[in-house]
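Listing of work.txt; format and content: compact mmCIF, C-alpha atoms.
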```txt
# COMPACT_ATOMS: atom_id res chain seq x y z
CA MET A 11 -147.87 35.08 70.82
CA ARG A 12 -145.09 36.61 68.77
CA TYR A 13 -144.89 40.16 67.47
CA GLU A 14 -142.94 40.54 64.23
CA ILE A 15 -141.44 43.90 63.33
CA LEU A 16 -138.49 42.74 61.21
CA CYS A 17 -140.91 42.84 58.29
CA PRO A 18 -144.24 44.56 57.65
CA LEU A 19 -145.88 44.47 61.09
CA ARG A 20 -147.83 41.35 62.01
CA VAL A 21 -148.89 39.33 65.06
CA VAL A 22 -148.46 35.56 65.08
CA ASP A 23 -150.58 33.49 67.46
CA GLY A 24 -150.03 29.78 67.00
CA THR A 25 -150.72 29.04 63.36
CA SER A 26 -152.63 32.27 62.68
CA MET A 27 -151.10 35.53 61.49
CA ARG A 28 -152.91 38.83 61.85
CA SER A 29 -152.19 42.35 60.72
CA LEU A 30 -153.93 45.67 61.15
CA SER A 31 -155.67 47.42 58.28
CA ALA A 32 -155.98 50.85 59.95
CA ARG A 33 -152.65 52.62 59.49
CA LYS A 34 -152.85 54.91 62.53
CA ILE A 35 -153.51 51.97 64.85
CA GLU A 36 -150.69 50.09 63.14
CA VAL A 37 -148.34 53.03 63.83
CA LEU A 38 -149.48 53.02 67.46
CA LEU A 39 -148.70 49.32 67.85
CA ALA A 40 -145.34 49.69 66.11
CA ALA A 41 -144.30 52.53 68.43
CA LEU A 42 -145.34 50.58 71.53
CA LEU A 43 -143.48 47.48 70.34
CA VAL A 44 -140.31 49.40 69.52
CA ARG A 45 -140.37 50.66 73.10
CA ALA A 46 -141.80 47.45 74.59
CA ASP A 47 -141.91 47.40 78.41
CA GLU A 48 -141.25 51.15 78.51
CA VAL A 49 -143.77 53.93 78.97
CA VAL A 50 -144.37 55.90 75.79
CA SER A 51 -145.93 59.26 76.53
CA SER A 52 -149.19 60.30 74.92
CA GLU A 53 -147.39 63.28 73.41
CA GLU A 54 -144.81 61.04 71.73
CA LEU A 55 -147.53 58.75 70.41
CA MET A 56 -149.51 61.63 68.97
CA LYS A 57 -146.40 62.94 67.19
CA GLU A 58 -145.74 59.44 65.86
CA ILE A 59 -149.28 59.12 64.51
CA TRP A 60 -149.93 62.65 63.21
CA GLY A 61 -146.55 64.38 63.13
CA THR A 62 -147.02 68.13 63.46
CA ARG A 63 -150.62 68.00 62.23
CA ALA A 64 -152.41 66.48 65.20
CA PRO A 65 -156.16 67.18 65.12
CA ARG A 66 -157.83 69.26 67.83
CA GLN A 67 -159.26 66.11 69.47
CA ALA A 68 -155.99 64.13 69.23
CA ILE A 69 -156.06 62.94 72.86
CA ALA A 70 -159.58 61.58 72.48
CA ALA A 71 -158.66 59.93 69.18
CA LEU A 72 -155.59 58.35 70.80
CA HIS A 73 -157.80 56.85 73.51
CA VAL A 74 -160.04 55.37 70.81
CA TYR A 75 -157.06 53.89 68.96
CA VAL A 76 -155.72 52.35 72.16
CA SER A 77 -159.13 50.82 72.84
CA GLN A 78 -159.28 49.38 69.32
CA LEU A 79 -155.73 48.03 69.64
CA ARG A 80 -156.63 46.34 72.92
CA LYS A 81 -159.53 44.63 71.16
CA PHE A 82 -157.19 43.51 68.36
CA LEU A 83 -154.75 42.00 70.87
CA ARG A 84 -157.42 40.43 73.07
CA ARG A 85 -157.00 36.70 73.68
CA PRO A 86 -159.55 34.33 75.23
CA ASP A 87 -156.99 32.84 77.63
CA ARG A 88 -156.01 36.23 79.09
CA SER A 89 -158.11 38.64 81.08
CA GLU A 90 -155.57 41.48 81.04
CA SER A 91 -154.53 43.48 78.02
CA PRO A 92 -150.80 43.74 77.22
CA ILE A 93 -151.33 47.49 76.83
CA VAL A 94 -151.29 49.19 80.22
CA THR A 95 -152.22 52.80 80.90
CA ALA A 96 -149.48 54.74 82.68
CA ARG A 97 -149.57 58.21 84.23
CA SER A 98 -148.12 59.91 81.16
CA GLY A 99 -148.99 57.45 78.42
CA TYR A 100 -149.05 53.74 77.67
CA VAL A 101 -146.77 50.72 77.89
CA LEU A 102 -146.97 47.41 76.07
CA ARG A 103 -145.97 44.61 78.45
CA LEU A 104 -144.49 41.66 76.60
CA GLY A 105 -144.73 39.23 79.49
CA SER A 106 -144.39 35.74 78.02
CA ASP A 107 -144.94 37.00 74.47
CA GLU A 108 -142.05 37.29 72.04
CA LEU A 109 -140.70 40.09 69.89
CA ASP A 110 -138.70 38.92 66.88
CA PHE A 111 -136.09 41.66 67.25
CA HIS A 112 -135.35 40.52 70.80
CA ILE A 113 -134.92 36.97 69.51
CA PHE A 114 -132.55 38.32 66.86
CA GLN A 115 -130.50 40.15 69.50
CA ASP A 116 -130.27 37.02 71.65
CA LEU A 117 -129.04 34.96 68.69
CA VAL A 118 -126.42 37.57 67.83
CA ARG A 119 -125.18 37.57 71.42
CA GLN A 120 -124.98 33.78 71.32
CA GLY A 121 -123.06 33.95 68.05
CA ARG A 122 -120.57 36.50 69.36
CA ALA A 123 -119.94 34.48 72.52
CA ALA A 124 -119.44 31.29 70.52
CA GLN A 125 -117.13 32.99 68.02
CA ARG A 126 -114.96 34.45 70.77
CA ALA A 127 -114.75 30.99 72.35
CA GLY A 128 -113.62 29.45 69.07
CA ARG A 129 -116.90 27.62 68.41
CA VAL A 130 -117.14 29.05 64.90
CA GLU A 131 -119.67 26.62 63.46
CA GLU A 132 -122.03 27.30 66.37
CA ALA A 133 -121.56 31.03 65.83
CA CYS A 134 -122.29 30.74 62.12
CA GLU A 135 -125.51 28.84 62.82
CA ALA A 136 -126.67 31.44 65.37
CA TYR A 137 -126.02 34.33 62.97
CA GLU A 138 -127.79 32.56 60.12
CA GLU A 139 -130.81 31.82 62.29
CA GLY A 140 -130.93 35.44 63.42
CA LEU A 141 -130.74 36.79 59.88
CA GLY A 142 -133.53 34.40 58.89
CA LEU A 143 -135.91 36.41 61.09
CA TRP A 144 -135.71 39.36 58.67
CA ARG A 145 -138.63 38.71 56.32
CA GLY A 146 -138.97 41.98 54.45
CA PRO A 147 -138.65 45.74 54.82
CA VAL A 148 -138.71 46.58 58.53
CA LEU A 149 -142.02 48.22 59.49
CA GLU A 150 -142.64 49.17 55.90
CA ASP A 151 -144.80 52.29 55.40
CA LEU A 152 -144.73 53.11 59.14
CA ARG A 153 -141.49 55.12 59.25
CA ASP A 154 -142.81 58.67 59.35
CA GLY A 155 -142.30 59.21 63.09
CA ALA A 156 -139.18 59.53 65.20
CA ILE A 157 -139.75 56.37 67.26
CA VAL A 158 -140.20 53.93 64.38
CA ASN A 159 -137.72 55.63 62.05
CA GLY A 160 -135.05 55.71 64.75
CA PHE A 161 -135.60 52.03 65.46
CA VAL A 162 -135.38 51.08 61.79
CA CYS A 163 -132.01 52.84 61.43
CA TRP A 164 -130.67 51.16 64.56
CA ALA A 165 -132.04 47.73 63.62
CA GLU A 166 -130.60 47.90 60.10
CA GLN A 167 -127.17 48.67 61.57
CA ALA A 168 -127.50 45.66 63.88
CA ARG A 169 -128.41 43.50 60.88
CA LEU A 170 -125.42 44.81 58.94
CA GLU A 171 -123.03 43.89 61.77
CA CYS A 172 -124.59 40.43 61.98
CA VAL A 173 -124.11 39.89 58.24
CA GLU A 174 -120.41 40.81 58.55
CA TRP A 175 -119.90 38.44 61.49
CA PHE A 176 -121.83 35.69 59.68
CA VAL A 177 -119.59 35.99 56.62
CA ASP A 178 -116.41 36.15 58.72
CA ALA A 179 -117.46 32.96 60.50
CA GLY A 180 -118.32 31.27 57.20
CA LEU A 181 -114.97 32.18 55.67
CA GLU A 182 -113.21 30.92 58.77
CA LEU A 183 -114.98 27.60 58.22
CA GLY A 184 -113.71 27.46 54.65
CA ARG A 185 -117.07 28.17 52.98
CA HIS A 186 -115.45 30.52 50.46
CA ARG A 187 -117.23 29.50 47.27
CA GLU A 188 -120.57 29.36 49.07
CA PHE A 189 -120.31 33.00 50.13
CA VAL A 190 -119.25 34.48 46.79
CA SER A 191 -122.77 34.90 45.39
CA TYR A 192 -124.06 35.92 48.81
CA LEU A 193 -121.53 38.76 48.97
CA TYR A 194 -122.20 39.92 45.43
CA ALA A 195 -125.85 40.27 46.46
CA ARG A 196 -124.91 42.23 49.60
CA ILE A 197 -122.79 44.63 47.52
CA GLU A 198 -125.69 45.12 45.13
CA GLU A 199 -127.80 46.01 48.16
CA LEU A 200 -125.19 48.26 49.83
CA PRO A 201 -122.58 49.32 47.25
CA LEU A 202 -120.81 51.74 49.62
CA HIS A 203 -120.14 49.22 52.38
CA GLU A 204 -116.43 48.44 52.10
CA ALA A 205 -116.43 45.42 54.41
CA PHE A 206 -118.37 43.39 51.85
CA TYR A 207 -115.78 44.15 49.14
CA ARG A 208 -113.02 43.00 51.49
CA GLN A 209 -114.85 39.79 52.31
CA LEU A 210 -115.69 39.12 48.66
CA MET A 211 -112.08 39.64 47.59
CA LEU A 212 -110.97 37.18 50.23
CA ALA A 213 -113.63 34.63 49.29
CA LEU A 214 -112.72 34.86 45.60
CA TYR A 215 -108.99 34.63 46.23
CA ARG A 216 -109.40 31.56 48.40
CA SER A 217 -111.64 30.05 45.72
CA GLY A 218 -108.81 30.36 43.20
CA CYS A 219 -110.30 33.42 41.46
CA ARG A 220 -107.44 35.88 41.90
CA ALA A 221 -108.30 38.00 38.85
CA ASP A 222 -111.90 38.32 40.00
CA ALA A 223 -110.71 39.40 43.44
CA LEU A 224 -108.62 42.16 41.86
CA SER A 225 -111.58 43.19 39.70
CA VAL A 226 -113.72 43.56 42.85
CA TYR A 227 -111.15 45.99 44.24
CA GLN A 228 -111.33 48.10 41.08
CA SER A 229 -115.12 48.10 41.28
CA ALA A 230 -114.95 49.26 44.89
CA ARG A 231 -112.50 51.99 44.00
CA THR A 232 -114.71 53.24 41.16
CA VAL A 233 -117.89 53.26 43.23
CA LEU A 234 -116.28 55.01 46.20
CA SER A 235 -114.68 57.62 43.96
CA GLU A 236 -117.81 58.36 41.94
CA GLU A 237 -120.24 58.35 44.86
CA LEU A 238 -118.15 59.82 47.69
CA GLY A 239 -114.97 61.18 46.14
CA LEU A 240 -112.95 58.79 48.34
CA GLU A 241 -110.22 56.22 47.87
CA PRO A 242 -110.62 52.74 49.38
CA SER A 243 -109.68 52.39 53.04
CA ALA A 244 -106.20 51.39 54.15
CA ALA A 245 -107.47 47.89 55.04
CA LEU A 246 -108.88 47.37 51.54
CA ARG A 247 -105.69 48.70 49.93
CA ARG A 248 -103.59 46.33 52.05
CA LEU A 249 -105.73 43.40 50.96
CA HIS A 250 -105.41 44.45 47.33
CA HIS A 251 -101.63 44.47 47.64
CA ALA A 252 -101.67 41.11 49.41
CA VAL A 253 -103.71 39.59 46.55
CA LEU A 254 -101.33 41.10 43.96
CA VAL A 255 -98.28 39.46 45.56
CA ASP A 256 -99.99 36.22 46.65
CA ALA A 257 -99.13 37.00 50.26
CA PRO A 258 -98.98 33.88 52.46
CA GLU A 259 -101.08 35.57 55.14
CA LEU A 260 -104.10 35.23 52.86
CA GLU A 261 -104.26 31.53 53.59
CA PRO A 262 -107.30 30.71 55.79
CA GLU A 263 -105.34 29.84 58.91
CA ALA A 264 -103.32 33.02 58.88
CA VAL A 265 -105.62 35.79 57.67
CA THR A 266 -105.38 39.01 59.73
CA VAL A 267 -106.62 41.64 57.25
```

Before anything else, please render the file you have as structure tokens.
Amino acid sequence: MRYEILCPLRVVDGTSMRSLSARKIEVLLAALLVRADEVVSSEELMKEIWGTRAPRQAIAALHVYVSQLRKFLRRPDRSESPIVTARSGYVLRLGSDELDFHIFQDLVRQGRAAQRAGRVEEACEAYEEGLGLWRGPVLEDLRDGAIVNGFVCWAEQARLECVEWFVDAGLELGRHREFVSYLYARIEELPLHEAFYRQLMLALYRSGCRADALSVYQSARTVLSEELGLEPSAALRRLHHAVLVDAPELEPEAVTV
């Protein structure tokens, strides 16, 4: 069985996909999955489900939700529930089940190791496979509590790093034209993320589109000034100058920017 949280929450068992219709139980499962194999206290779970407006019978209601969640996760080939009662709360034991975010992390680690070892194509494939696990807004509509919201922020940062490494690996492989449209889309998604402007300028320059690369710099400068009152970073300014003068270090084999 595989739990998927890099999208609206769902459980995949073989060829079947299931999701919960009761939001509070869905929040409970999301919180337990985010902290899989760790005890989550009843107090934390109640705050995640109700915030500061827990009902008078919150503990009893939590027990009911846990019972209903156990029924939802019940499988005919297993006698034990993955949700175990602990002294202070509950823990979801993954056992042989999978969590898509853990798979993503493993693929990123494989990619980083391969990239450091000079196996760039292998790294690019690992990053691409990892990014393919993101199928929609992470835990959409379940982000009211500290556990889920904190995870979403952390996971999105991990995804952002993976995207950067994926593009770096692709550019190192000479896939410049292929990544131009991909980077324009990433900038549309995150217009304040300077790394994507740098990568797009490089991809355009190496594709023979020097004027477009310079135009991307001006776009970055305008956005950063209007939104944050900042000038582009020193790295982006150095790249801009290198493009202006057709610096030899911009060639694929020699890039250090």

Problem set entry | Neighbour list for stretch 131-141 of chain A as a PyMOL selection string, cut-off 6 Å, only C-alpha atoms, skip fewer than 4 positions in-chain | chain A and resi 114+117-118+121+124-125+176+179

For this session: Enter the distance from atom CA of A:Glu58 to atom CA of A:Ile35, in Å, rounded to one decimal.
Result: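 Between atom CA of A:Glu58 and atom CA of A:Ile35 the gap works out to 10.8 Å.
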
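Coordinates place atom CA of A:Phe189 at a distance of 23.0 Å from atom CA of A:Gln115.
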
Problem set entry | Coordinates-based distance that separates atom CA of A:Pro258 from atom CA of A:Ser191 (Å, one decimal) | 24.8 Å

Centre and size of axis-aligned box enclosing stretch 21-39 of chain A plus 3 Å each side, as AutoDock Vina command-line options:
```
--center_x -152.2 --center_y 42.0 --center_z 63.1 --size_x 13.6 --size_y 31.9 --size_z 15.6
```

Exercise. In file coordinates, which residues lie within 7 Å of (-116.4, 40.4, 51.7) using all atoms listed in the file, given as a list in words?
Worked result: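 Output: Leu193, Ala205, Phe206, Tyr207, Arg208, Gln209, Leu210, Met211, Leu212 and Ala213 of chain A.
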
Write out, as a compact mmCIF listing (two decimals), in the coordinates of the input, the residues just selected, with C-alpha atoms.
```
# COMPACT_ATOMS: atom_id res chain seq x y z
CA LEU A 193 -121.53 38.76 48.97
CA ALA A 205 -116.43 45.42 54.41
CA PHE A 206 -118.37 43.39 51.85
CA TYR A 207 -115.78 44.15 49.14
CA ARG A 208 -113.02 43.00 51.49
CA GLN A 209 -114.85 39.79 52.31
CA LEU A 210 -115.69 39.12 48.66
CA MET A 211 -112.08 39.64 47.59
CA LEU A 212 -110.97 37.18 50.23
CA ALA A 213 -113.63 34.63 49.29
```

Exercise. Which is closer to A:Arg231 than all the others in A:Val49, A:Cys219, A:Ala257, A:Ala244, using all atoms listed in the file?
Worked result: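 The shortest atom-to-atom distance to A:Arg231 comes from A:Ala244.
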
Problem set entry | Residue with smallest distance to A:Ser106 - pool A:Val37, A:Val76, A:Leu16, A:Met11, counting only C-alpha atoms | A:Met11

Pull the closest atom pair for each residue of stretch 129-183 of chain A that gets at most 12 Å from stretch 214-218 of chain A, along with the distance in Å to one decimal, counting all atoms listed in the file, ordering rows by chain and then ascending residue number, as CSV.
```
residue,atom,partner,partner_atom,distance
A:Leu181,CA,A:Arg216,CA,9.2
A:Glu182,CA,A:Arg216,CA,11.1
A:Leu183,CA,A:Arg216,CA,12.0
```

Exercise. Using only C-alpha atoms, which of A:Leu246, A:Val158, A:Ser51, A:Val253 sits nearest A:Ala221?
Worked result: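 Of A:Leu246, A:Val158, A:Ser51, A:Val253, the one nearest A:Ala221 is A:Val253, counting only C-alpha atoms.
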
For this session: Compile the contact shell of A:Val162 as a PyMOL selection string: residues with an atom at most 8 Å away, counting all atoms listed in the file, same-chain residues fewer than 2 positions apart removed.
Result: chain A and resi 148-149+153+158-160+164-166

Selection to disk with C-alpha atoms, as a PDB file, in the frame of the given file:
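File produced: result06.pdb:
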```pdb
ATOM      1  CA  VAL A 148    -138.710  46.580  58.530  1.00  0.00           C
ATOM      2  CA  LEU A 149    -142.020  48.220  59.490  1.00  0.00           C
ATOM      3  CA  ARG A 153    -141.490  55.120  59.250  1.00  0.00           C
ATOM      4  CA  VAL A 158    -140.200  53.930  64.380  1.00  0.00           C
ATOM      5  CA  ASN A 159    -137.720  55.630  62.050  1.00  0.00           C
ATOM      6  CA  GLY A 160    -135.050  55.710  64.750  1.00  0.00           C
ATOM      7  CA  TRP A 164    -130.670  51.160  64.560  1.00  0.00           C
ATOM      8  CA  ALA A 165    -132.040  47.730  63.620  1.00  0.00           C
ATOM      9  CA  GLU A 166    -130.600  47.900  60.100  1.00  0.00           C
TER      10      GLU A 166
END
```

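Across A:Ala71, A:Cys172, A:Val50, A:Ala252, the tightest approach to A:Arg122 is made by A:Cys172 when counting all atoms listed in the file.
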
For this session: Can you pull out every residue within 10 Å of stretch 86-97 of chain A, counting all atoms listed in the file, but drop anything in the same chain fewer than 5 positions away, and send it as a list in words?
Result: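 Residues near the query, excluding close chain neighbours: Leu39, Leu42, Ala46, Asp47, Glu48, Val49, Val50, Ser51, Ser52, Val76, Ser77, Leu79, Arg80, Lys81, Leu102, Arg103, Leu104, Gly105 and Asp107 of chain A.
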
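Each of A:Tyr75, A:Phe111, A:Phe82, A:Tyr100 was checked against A:Cys17 using all atoms listed in the file; the smallest atom-to-atom distance is that of A:Phe111.
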
Export of stretch 124-137 of chain A: all heavy atoms, as a short mmCIF file (atom, residue, chain, number, x, y, z; two decimals), in the first residue's frame:
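After the write, out35.cif holds the following:
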```cif
data_model
loop_
_atom_site.label_atom_id
_atom_site.label_comp_id
_atom_site.auth_asym_id
_atom_site.auth_seq_id
_atom_site.Cartn_x
_atom_site.Cartn_y
_atom_site.Cartn_z
N ALA A 124 24.77 10.71 -7.47
CA ALA A 124 25.18 10.48 -8.85
C ALA A 124 25.80 11.75 -9.45
O ALA A 124 26.82 11.67 -10.16
CB ALA A 124 23.98 10.04 -9.69
N GLN A 125 25.22 12.91 -9.14
CA GLN A 125 25.74 14.15 -9.69
C GLN A 125 27.14 14.44 -9.16
O GLN A 125 28.04 14.85 -9.90
CB GLN A 125 24.78 15.30 -9.36
CG GLN A 125 24.98 16.54 -10.21
CD GLN A 125 23.79 17.47 -10.14
OE1 GLN A 125 22.88 17.29 -9.35
NE2 GLN A 125 23.79 18.48 -11.00
N ARG A 126 27.33 14.20 -7.88
CA ARG A 126 28.66 14.43 -7.29
C ARG A 126 29.71 13.47 -7.88
O ARG A 126 30.89 13.81 -7.96
CB ARG A 126 28.61 14.26 -5.78
CG ARG A 126 27.80 15.33 -5.05
CD ARG A 126 27.95 15.22 -3.54
NE ARG A 126 27.08 16.15 -2.84
CZ ARG A 126 25.96 15.83 -2.22
NH1 ARG A 126 25.56 14.56 -2.20
NH2 ARG A 126 25.24 16.74 -1.60
N ALA A 127 29.25 12.29 -8.28
CA ALA A 127 30.16 11.29 -8.85
C ALA A 127 30.35 11.47 -10.35
O ALA A 127 31.07 10.69 -10.98
CB ALA A 127 29.64 9.89 -8.55
N GLY A 128 29.71 12.50 -10.92
CA GLY A 128 29.87 12.77 -12.34
C GLY A 128 28.93 11.98 -13.23
O GLY A 128 29.03 12.06 -14.46
N ARG A 129 27.98 11.24 -12.64
CA ARG A 129 27.01 10.49 -13.43
C ARG A 129 25.77 11.37 -13.64
O ARG A 129 24.72 11.16 -13.05
CB ARG A 129 26.66 9.18 -12.73
CG ARG A 129 27.86 8.30 -12.44
CD ARG A 129 27.44 6.90 -11.97
NE ARG A 129 26.55 6.92 -10.83
CZ ARG A 129 26.93 6.98 -9.55
NH1 ARG A 129 28.24 7.05 -9.26
NH2 ARG A 129 26.06 6.98 -8.56
N VAL A 130 25.94 12.37 -14.49
CA VAL A 130 24.94 13.43 -14.61
C VAL A 130 23.63 12.93 -15.20
O VAL A 130 22.55 13.32 -14.76
CB VAL A 130 25.51 14.60 -15.44
CG1 VAL A 130 24.51 15.75 -15.47
CG2 VAL A 130 26.82 15.09 -14.86
N GLU A 131 23.70 12.07 -16.20
CA GLU A 131 22.47 11.56 -16.80
C GLU A 131 21.66 10.76 -15.78
O GLU A 131 20.43 10.90 -15.70
CB GLU A 131 22.80 10.69 -18.01
CG GLU A 131 21.58 10.29 -18.80
CD GLU A 131 21.92 9.69 -20.15
OE1 GLU A 131 23.10 9.70 -20.52
OE2 GLU A 131 20.99 9.21 -20.81
N GLU A 132 22.34 9.95 -14.99
CA GLU A 132 21.67 9.19 -13.93
C GLU A 132 21.02 10.13 -12.92
O GLU A 132 19.90 9.90 -12.46
CB GLU A 132 22.68 8.28 -13.24
CG GLU A 132 22.11 7.43 -12.12
CD GLU A 132 23.17 6.60 -11.41
OE1 GLU A 132 24.19 6.26 -12.04
OE2 GLU A 132 22.99 6.30 -10.21
N ALA A 133 21.74 11.21 -12.58
CA ALA A 133 21.20 12.19 -11.64
C ALA A 133 19.95 12.85 -12.20
O ALA A 133 18.94 13.00 -11.50
CB ALA A 133 22.26 13.24 -11.34
N CYS A 134 20.01 13.23 -13.46
CA CYS A 134 18.88 13.90 -14.10
C CYS A 134 17.65 13.00 -14.10
O CYS A 134 16.53 13.46 -13.82
CB CYS A 134 19.27 14.27 -15.53
SG CYS A 134 18.27 15.59 -16.25
N GLU A 135 17.84 11.73 -14.37
CA GLU A 135 16.73 10.78 -14.38
C GLU A 135 16.13 10.62 -12.98
O GLU A 135 14.90 10.53 -12.83
CB GLU A 135 17.21 9.43 -14.91
CG GLU A 135 17.54 9.44 -16.39
CD GLU A 135 18.16 8.13 -16.86
OE1 GLU A 135 18.41 7.25 -15.99
OE2 GLU A 135 18.42 7.99 -18.07
N ALA A 136 16.98 10.58 -11.96
CA ALA A 136 16.48 10.43 -10.59
C ALA A 136 15.67 11.66 -10.17
O ALA A 136 14.58 11.53 -9.58
CB ALA A 136 17.64 10.22 -9.62
N TYR A 137 16.17 12.85 -10.48
CA TYR A 137 15.44 14.08 -10.15
C TYR A 137 14.10 14.12 -10.87
O TYR A 137 13.08 14.48 -10.28
CB TYR A 137 16.26 15.31 -10.55
CG TYR A 137 17.55 15.50 -9.80
CD1 TYR A 137 18.69 16.00 -10.45
CD2 TYR A 137 17.66 15.20 -8.45
CE1 TYR A 137 19.87 16.19 -9.77
CE2 TYR A 137 18.86 15.39 -7.76
CZ TYR A 137 19.97 15.88 -8.44
OH TYR A 137 21.14 16.07 -7.77
#
```
